[in-house]
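Have a look at work29.cif below; it lists mmCIF, C-alpha atoms, pLDDT in the B column; chains and numbers go by the auth columns.
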data_input
#
loop_
_atom_site.group_PDB
_atom_site.id
_atom_site.type_symbol
_atom_site.label_atom_id
_atom_site.label_comp_id
_atom_site.label_asym_id
_atom_site.label_seq_id
_atom_site.Cartn_x
_atom_site.Cartn_y
_atom_site.Cartn_z
_atom_site.B_iso_or_equiv
_atom_site.auth_seq_id
_atom_site.auth_asym_id
ATOM 1 C CA MET A 1 223.531 -104.008 90.658 56.00 63 A
ATOM 2 C CA ARG A 2 223.136 -105.348 94.138 63.00 64 A
ATOM 3 C CA VAL A 3 220.093 -107.193 95.416 62.00 65 A
ATOM 4 C CA SER A 4 219.219 -104.342 97.797 63.00 66 A
ATOM 5 C CA GLU A 5 219.221 -101.890 94.870 65.00 67 A
ATOM 6 C CA ILE A 6 216.966 -104.198 92.867 61.00 68 A
ATOM 7 C CA TYR A 7 214.555 -104.442 95.804 57.00 69 A
ATOM 8 C CA SER A 8 214.594 -100.666 96.169 61.00 70 A
ATOM 9 C CA LEU A 9 213.828 -100.176 92.480 55.00 71 A
ATOM 10 C CA LEU A 10 211.134 -102.830 92.610 58.00 72 A
ATOM 11 C CA LEU A 11 209.566 -101.189 95.649 58.00 73 A
ATOM 12 C CA VAL A 12 209.549 -97.795 93.910 55.00 74 A
ATOM 13 C CA PHE A 13 208.024 -99.374 90.795 53.00 75 A
ATOM 14 C CA LEU A 14 205.312 -101.083 92.836 50.00 76 A
ATOM 15 C CA LEU A 15 204.488 -97.865 94.676 49.00 77 A
ATOM 16 C CA VAL A 16 204.222 -95.911 91.415 49.00 78 A
ATOM 17 C CA ALA A 17 202.195 -98.673 89.743 47.00 79 A
ATOM 18 C CA THR A 18 199.874 -99.010 92.736 45.00 80 A
ATOM 19 C CA THR A 19 199.351 -95.255 92.943 44.00 81 A
ATOM 20 C CA LYS A 20 198.661 -95.049 89.210 48.00 82 A
ATOM 21 C CA SER A 21 196.368 -98.102 89.382 54.00 83 A
ATOM 22 C CA PHE A 22 194.559 -96.624 92.388 55.00 84 A
ATOM 23 C CA ALA A 23 194.017 -93.373 90.472 60.00 85 A
ATOM 24 C CA ASN A 24 192.731 -95.316 87.452 78.00 86 A
ATOM 25 C CA ASN A 25 190.414 -97.355 89.676 87.00 87 A
ATOM 26 C CA ASN A 26 189.044 -94.185 91.243 89.00 88 A
ATOM 27 C CA ALA A 27 188.444 -92.731 87.781 91.00 89 A
ATOM 28 C CA ILE A 28 186.568 -95.873 86.723 93.00 90 A
ATOM 29 C CA LEU A 29 184.486 -95.889 89.892 94.00 91 A
ATOM 30 C CA ARG A 30 183.742 -92.179 89.490 95.00 92 A
ATOM 31 C CA VAL A 31 182.495 -92.745 85.905 96.00 93 A
ATOM 32 C CA LEU A 32 180.290 -95.642 86.997 95.00 94 A
ATOM 33 C CA ASP A 33 178.978 -93.716 89.995 93.00 95 A
ATOM 34 C CA GLU A 34 178.137 -90.736 87.770 95.00 96 A
ATOM 35 C CA ASP A 35 176.320 -93.094 85.396 95.00 97 A
ATOM 36 C CA VAL A 36 174.188 -94.433 88.257 93.00 98 A
ATOM 37 C CA LYS A 37 173.403 -90.911 89.485 92.00 99 A
ATOM 38 C CA ALA A 38 172.447 -89.756 85.978 95.00 100 A
ATOM 39 C CA LYS A 39 170.116 -92.724 85.550 93.00 101 A
ATOM 40 C CA ILE A 40 168.525 -92.040 88.948 91.00 102 A
ATOM 41 C CA VAL A 41 167.766 -88.491 87.794 94.00 103 A
ATOM 42 C CA LEU A 42 166.277 -89.767 84.510 94.00 104 A
ATOM 43 C CA LEU A 43 164.120 -92.349 86.276 92.00 105 A
ATOM 44 C CA SER A 44 162.977 -89.827 88.867 91.00 106 A
ATOM 45 C CA ALA A 45 161.933 -87.376 86.150 95.00 107 A
ATOM 46 C CA LYS A 46 160.089 -90.136 84.271 95.00 108 A
ATOM 47 C CA ILE A 47 158.286 -91.255 87.429 93.00 109 A
ATOM 48 C CA THR A 48 157.127 -87.670 87.971 94.00 110 A
ATOM 49 C CA LYS A 49 155.966 -87.416 84.358 96.00 111 A
ATOM 50 C CA CYS A 50 154.068 -90.716 84.600 95.00 112 A
ATOM 51 C CA LYS A 51 152.361 -89.559 87.836 94.00 113 A
ATOM 52 C CA GLN A 52 151.289 -86.356 86.121 95.00 114 A
ATOM 53 C CA GLN A 53 149.942 -88.341 83.175 95.00 115 A
ATOM 54 C CA ALA A 54 148.053 -90.632 85.547 95.00 116 A
ATOM 55 C CA GLN A 55 146.490 -87.718 87.409 93.00 117 A
ATOM 56 C CA SER A 56 145.290 -86.157 84.168 93.00 118 A
ATOM 57 C CA SER A 57 144.131 -89.452 82.674 86.00 119 A
ATOM 58 C CA PRO A 58 140.419 -89.548 81.909 82.00 120 A
ATOM 59 C CA VAL A 59 140.006 -93.302 82.517 86.00 121 A
ATOM 60 C CA VAL A 60 136.404 -94.046 83.376 87.00 122 A
ATOM 61 C CA LEU A 61 135.150 -97.600 83.474 91.00 123 A
ATOM 62 C CA GLU A 62 131.932 -98.767 81.944 91.00 124 A
ATOM 63 C CA THR A 63 131.054 -101.034 84.867 90.00 125 A
ATOM 64 C CA ASN A 64 127.830 -102.430 83.411 91.00 126 A
ATOM 65 C CA VAL A 65 129.924 -104.685 81.172 93.00 127 A
ATOM 66 C CA PHE A 66 131.616 -106.206 84.224 94.00 128 A
ATOM 67 C CA LYS A 67 128.277 -106.673 85.943 92.00 129 A
ATOM 68 C CA LYS A 68 126.986 -108.544 82.889 94.00 130 A
ATOM 69 C CA LEU A 69 130.106 -110.721 82.982 94.00 131 A
ATOM 70 C CA LYS A 70 129.283 -111.409 86.654 95.00 132 A
ATOM 71 C CA VAL A 71 132.663 -110.133 87.802 95.00 133 A
ATOM 72 C CA LYS A 72 132.975 -109.791 91.567 94.00 134 A
ATOM 73 C CA ARG A 73 133.829 -106.321 92.807 92.00 135 A
ATOM 74 C CA GLU A 74 136.893 -107.675 94.646 93.00 136 A
ATOM 75 C CA ASP A 75 138.194 -109.273 91.429 96.00 137 A
ATOM 76 C CA LEU A 76 137.732 -105.991 89.583 96.00 138 A
ATOM 77 C CA LEU A 77 139.613 -104.054 92.261 94.00 139 A
ATOM 78 C CA LYS A 78 142.511 -106.525 92.255 95.00 140 A
ATOM 79 C CA ALA A 79 142.655 -106.416 88.460 97.00 141 A
ATOM 80 C CA LEU A 80 142.686 -102.627 88.488 96.00 142 A
ATOM 81 C CA TYR A 81 145.470 -102.624 91.064 96.00 143 A
ATOM 82 C CA TYR A 82 147.508 -104.957 88.867 97.00 144 A
ATOM 83 C CA LEU A 83 146.887 -102.887 85.721 97.00 145 A
ATOM 84 C CA ASN A 84 147.768 -99.701 87.578 96.00 146 A
ATOM 85 C CA ILE A 85 151.214 -100.988 88.516 94.00 147 A
ATOM 86 C CA ARG A 86 151.765 -102.724 85.187 95.00 148 A
ATOM 87 C CA ASN A 87 150.880 -99.584 83.247 96.00 149 A
ATOM 88 C CA LYS A 88 153.023 -97.412 85.507 93.00 150 A
ATOM 89 C CA ASN A 89 155.983 -99.720 84.900 90.00 151 A
ATOM 90 C CA HIS A 90 155.260 -99.608 81.178 92.00 152 A
ATOM 91 C CA CYS A 91 155.203 -95.803 81.278 94.00 153 A
ATOM 92 C CA GLU A 92 158.592 -95.716 82.957 91.00 154 A
ATOM 93 C CA GLY A 93 159.917 -97.708 80.040 82.00 155 A
ATOM 94 C CA GLY A 94 163.288 -99.354 80.317 87.00 156 A
ATOM 95 C CA LEU A 95 164.668 -96.777 82.741 92.00 157 A
ATOM 96 C CA ARG A 96 164.407 -99.091 85.749 88.00 158 A
ATOM 97 C CA GLU A 97 166.306 -101.797 83.887 88.00 159 A
ATOM 98 C CA SER A 98 168.874 -99.266 82.697 92.00 160 A
ATOM 99 C CA LEU A 99 169.455 -98.061 86.251 91.00 161 A
ATOM 100 C CA ALA A 100 169.633 -101.613 87.600 88.00 162 A
ATOM 101 C CA TYR A 101 172.208 -102.467 84.930 91.00 163 A
ATOM 102 C CA ALA A 102 174.324 -99.426 85.870 93.00 164 A
ATOM 103 C CA ILE A 103 174.137 -100.428 89.537 92.00 165 A
ATOM 104 C CA GLY A 104 175.082 -103.994 88.623 90.00 166 A
ATOM 105 C CA GLN A 105 178.066 -102.782 86.602 93.00 167 A
ATOM 106 C CA LEU A 106 179.240 -100.688 89.540 93.00 168 A
ATOM 107 C CA ALA A 107 178.832 -103.646 91.917 91.00 169 A
ATOM 108 C CA TYR A 108 180.655 -105.996 89.541 93.00 170 A
ATOM 109 C CA THR A 109 183.556 -103.568 89.116 94.00 171 A
ATOM 110 C CA ARG A 110 183.820 -102.887 92.848 93.00 172 A
ATOM 111 C CA ASN A 111 183.904 -106.645 93.430 91.00 173 A
ATOM 112 C CA GLU A 112 186.632 -107.062 90.782 92.00 174 A
ATOM 113 C CA LEU A 113 188.666 -104.412 92.579 92.00 175 A
ATOM 114 C CA GLY A 114 188.172 -106.124 95.936 90.00 176 A
ATOM 115 C CA LEU A 115 185.945 -103.353 97.297 89.00 177 A
ATOM 116 C CA ALA A 116 182.720 -103.651 99.251 86.00 178 A
ATOM 117 C CA VAL A 117 179.499 -103.307 97.294 79.00 179 A
ATOM 118 C CA SER A 118 177.971 -99.850 97.111 78.00 180 A
ATOM 119 C CA ASP A 119 174.783 -98.825 98.865 75.00 181 A
ATOM 120 C CA TYR A 120 173.093 -98.775 95.464 77.00 182 A
ATOM 121 C CA SER A 121 173.421 -102.540 95.097 74.00 183 A
ATOM 122 C CA LYS A 122 170.836 -103.201 97.766 70.00 184 A
ATOM 123 C CA ALA A 123 168.191 -101.336 95.747 70.00 185 A
ATOM 124 C CA SER A 124 168.860 -102.924 92.367 71.00 186 A
ATOM 125 C CA ALA A 125 166.791 -106.048 93.034 72.00 187 A
ATOM 126 C CA GLU A 126 163.792 -103.919 93.970 75.00 188 A
ATOM 127 C CA LEU A 127 164.157 -102.045 90.683 73.00 189 A
ATOM 128 C CA LEU A 128 164.258 -105.174 88.584 74.00 190 A
ATOM 129 C CA TYR A 129 162.076 -107.726 90.246 81.00 191 A
ATOM 130 C CA GLU A 130 158.416 -107.800 91.181 84.00 192 A
ATOM 131 C CA SER A 131 157.493 -108.385 94.812 87.00 193 A
ATOM 132 C CA THR A 132 155.758 -111.578 95.846 92.00 194 A
ATOM 133 C CA ASN A 133 152.616 -109.587 96.690 92.00 195 A
ATOM 134 C CA PHE A 134 152.545 -108.072 93.212 91.00 196 A
ATOM 135 C CA LEU A 135 153.090 -111.502 91.649 94.00 197 A
ATOM 136 C CA LYS A 136 150.091 -112.803 93.624 96.00 198 A
ATOM 137 C CA VAL A 137 147.939 -109.993 92.224 95.00 199 A
ATOM 138 C CA ARG A 138 149.295 -110.677 88.747 96.00 200 A
ATOM 139 C CA ALA A 139 148.530 -114.394 89.057 97.00 201 A
ATOM 140 C CA HIS A 140 145.031 -113.543 90.256 97.00 202 A
ATOM 141 C CA TYR A 141 144.535 -111.241 87.261 97.00 203 A
ATOM 142 C CA GLU A 142 145.762 -113.871 84.814 97.00 204 A
ATOM 143 C CA SER A 143 143.449 -116.476 86.365 97.00 205 A
ATOM 144 C CA GLN A 144 140.387 -114.371 85.570 97.00 206 A
ATOM 145 C CA SER A 145 138.195 -115.102 82.575 96.00 207 A
ATOM 146 C CA LYS A 146 139.438 -114.027 79.183 97.00 208 A
ATOM 147 C CA PRO A 147 136.318 -111.935 78.438 97.00 209 A
ATOM 148 C CA PHE A 148 136.886 -109.996 81.698 97.00 210 A
ATOM 149 C CA ARG A 149 140.568 -109.381 80.976 97.00 211 A
ATOM 150 C CA ASP A 150 139.836 -108.484 77.349 97.00 212 A
ATOM 151 C CA GLU A 151 137.261 -105.919 78.451 97.00 213 A
ATOM 152 C CA LEU A 152 139.657 -104.372 80.959 96.00 214 A
ATOM 153 C CA GLU A 153 142.382 -104.198 78.322 96.00 215 A
ATOM 154 C CA LYS A 154 139.906 -102.595 75.924 96.00 216 A
ATOM 155 C CA GLN A 155 138.812 -99.974 78.455 95.00 217 A
ATOM 156 C CA ILE A 156 142.196 -99.267 80.050 95.00 218 A
ATOM 157 C CA GLY A 157 144.919 -100.654 77.813 92.00 219 A
ATOM 158 C CA THR A 158 148.379 -99.421 78.762 92.00 220 A
ATOM 159 C CA THR A 159 147.247 -95.956 79.826 91.00 221 A
ATOM 160 C CA VAL A 160 148.536 -94.843 83.213 95.00 222 A
ATOM 161 C CA PHE A 161 145.709 -93.857 85.512 95.00 223 A
ATOM 162 C CA ASP A 162 145.115 -92.554 88.990 94.00 224 A
ATOM 163 C CA PHE A 163 144.071 -95.634 90.930 93.00 225 A
ATOM 164 C CA ASN A 164 142.583 -93.652 93.838 92.00 226 A
ATOM 165 C CA SER A 165 140.475 -91.465 91.563 90.00 227 A
ATOM 166 C CA LEU A 166 139.198 -94.513 89.745 91.00 228 A
ATOM 167 C CA LEU A 167 138.328 -96.125 93.094 89.00 229 A
ATOM 168 C CA GLU A 168 136.355 -93.033 94.067 87.00 230 A
ATOM 169 C CA THR A 169 134.282 -93.280 90.898 84.00 231 A
ATOM 170 C CA LEU A 170 133.709 -96.977 91.558 83.00 232 A
ATOM 171 C CA ASN A 171 132.596 -96.259 95.109 74.00 233 A
ATOM 172 C CA THR A 172 129.882 -93.945 93.798 67.00 234 A
ATOM 173 C CA ASP A 173 128.751 -96.586 91.336 60.00 235 A
ATOM 174 C CA GLU A 174 126.259 -99.166 92.579 63.00 236 A
ATOM 175 C CA TRP A 175 127.781 -102.585 92.389 60.00 237 A
#

Will you turn the file into structure tokens for me?
Amino acid sequence: MRVSEIYSLLLVFLLVATTKSFANNNAILRVLDEDVKAKIVLLSAKITKCKQQAQSSPVVLETNVFKKLKVKREDLLKALYYLNIRNKNHCEGGLRESLAYAIGQLAYTRNELGLAVSDYSKASAELLYESTNFLKVRAHYESQSKPFRDELEKQIGTTVFDFNSLLETLNTDEW
């Protein structure tokens, strides 16, 4: 066999292998993309369900306890804001993490294949990590007195609630 024939056969082999590999890569990317889309649908449905639960939640605060503890109104509002987001995240369960993992897997695989990251990758950090503003509110909450936090946990717990409705009831209450 001559060198030119070997090169021709090698070229044909490489073309077939590349085409087959490209098809396999597309199949892998399609599976991962479908996984991300399915998890987006699940998270979206759960977010809707949690909002409905919050709107129908009968959370009413017994504010006299906070007055006796000499809690400032501003501290109560910040604590309620923190608990609202914390409880909403709790309601959504691990779906945010599951979606972020699926996005991360897609990004990792695309990187392995030498492809640009997907548009999903930009959103994964927002799904997983708390913003600096939220962390400030959390730190403020955790710096409050234990009796105050214990009372809030007793009255609210992990129940999702409608923050705006609760604010309206607080605005009608003399503070």

Quick one: residues within 12 Å of A:Glu136, all atoms listed in the file, excluding same-chain residues fewer than 6 positions away - as number ranges by chain? A: 128, 142-143, 199, 202-203, 206, 229, 232, 237

Generate a file of the selected residues that holds C-alpha atoms, formatted as an mmCIF file, in the frame of the given file.
data_model
loop_
_atom_site.group_PDB
_atom_site.id
_atom_site.type_symbol
_atom_site.label_atom_id
_atom_site.label_comp_id
_atom_site.auth_asym_id
_atom_site.auth_seq_id
_atom_site.Cartn_x
_atom_site.Cartn_y
_atom_site.Cartn_z
ATOM 1 C CA PHE A 128 131.616 -106.206 84.224
ATOM 2 C CA LEU A 142 142.686 -102.627 88.488
ATOM 3 C CA TYR A 143 145.470 -102.624 91.064
ATOM 4 C CA VAL A 199 147.939 -109.993 92.224
ATOM 5 C CA HIS A 202 145.031 -113.543 90.256
ATOM 6 C CA TYR A 203 144.535 -111.241 87.261
ATOM 7 C CA GLN A 206 140.387 -114.371 85.570
ATOM 8 C CA LEU A 229 138.328 -96.125 93.094
ATOM 9 C CA LEU A 232 133.709 -96.977 91.558
ATOM 10 C CA TRP A 237 127.781 -102.585 92.389
#

Contact residues around A:Leu91 with all atoms listed in the file at 9 Å, ignoring same-chain residues under 6 positions, as a VMD selection string: chain A and resid 168 171 to 172

Give the answer as one residue: which of A:Leu157, A:Ile102, A:Ile218, A:Ala169 has the shortest atom-to-atom distance to A:Leu190, using all atoms listed in the file?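 Closest candidate: A:Leu157.
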
Taking the file as shown, find all residues satisfying the PyMOL selection byres ((chain A and resi 98) around 9) and write them as a list in words.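 That expression, the PyMOL selection byres ((chain A and resi 98) around 9), corresponds here to Val93, Leu94, Asp95, Glu96, Asp97, Lys99, Ala100, Lys101, Ile102, Val103, Leu161, Ala162, Tyr163, Ala164, Ile165, Leu168 and Tyr182 of chain A.
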
Taking all atoms listed in the file into account, which of A:Glu204, A:Glu174, A:Glu159, A:Glu213 comes nearest A:Ile90? A:Glu174

Could you state the separation of atom CA of A:Asp224 and atom CA of A:Ala116 in Å, given to one decimal place?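 Separation between atom CA of A:Asp224 and atom CA of A:Ala116: 4.9 Å.
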
To one decimal place, how far is atom CA of A:Ser227 from atom CA of A:Val121 in Å?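 Rounded to one decimal, the two atoms are 9.2 Å apart.
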
Given the file shown, enumerate the residues that the PyMOL selection byres ((chain A and resi 115) around 10) captures and present them as a PyMOL selection string. chain A and resi 109-114+116-120+150+153+221-224

Selected residues written out, C-alpha atoms, as a tab-separated table (two decimals), in the coordinates of the input:
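See again.tsv below for the written result:
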chain	number	residue	atom	x	y	z
A	109	ILE	CA	158.29	-91.26	87.43
A	110	THR	CA	157.13	-87.67	87.97
A	111	LYS	CA	155.97	-87.42	84.36
A	112	CYS	CA	154.07	-90.72	84.60
A	113	LYS	CA	152.36	-89.56	87.84
A	114	GLN	CA	151.29	-86.36	86.12
A	116	ALA	CA	148.05	-90.63	85.55
A	117	GLN	CA	146.49	-87.72	87.41
A	118	SER	CA	145.29	-86.16	84.17
A	119	SER	CA	144.13	-89.45	82.67
A	120	PRO	CA	140.42	-89.55	81.91
A	150	LYS	CA	153.02	-97.41	85.51
A	153	CYS	CA	155.20	-95.80	81.28
A	221	THR	CA	147.25	-95.96	79.83
A	222	VAL	CA	148.54	-94.84	83.21
A	223	PHE	CA	145.71	-93.86	85.51
A	224	ASP	CA	145.12	-92.55	88.99

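The coordinates place atom CA of A:Tyr144 at 19.2 Å from atom CA of A:Val127.
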
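Minimum atom-to-atom distance to A:Gly166, evaluated using only C-alpha atoms, belongs to A:Lys184 out of A:Leu105, A:Leu123, A:Lys184, A:Phe225.
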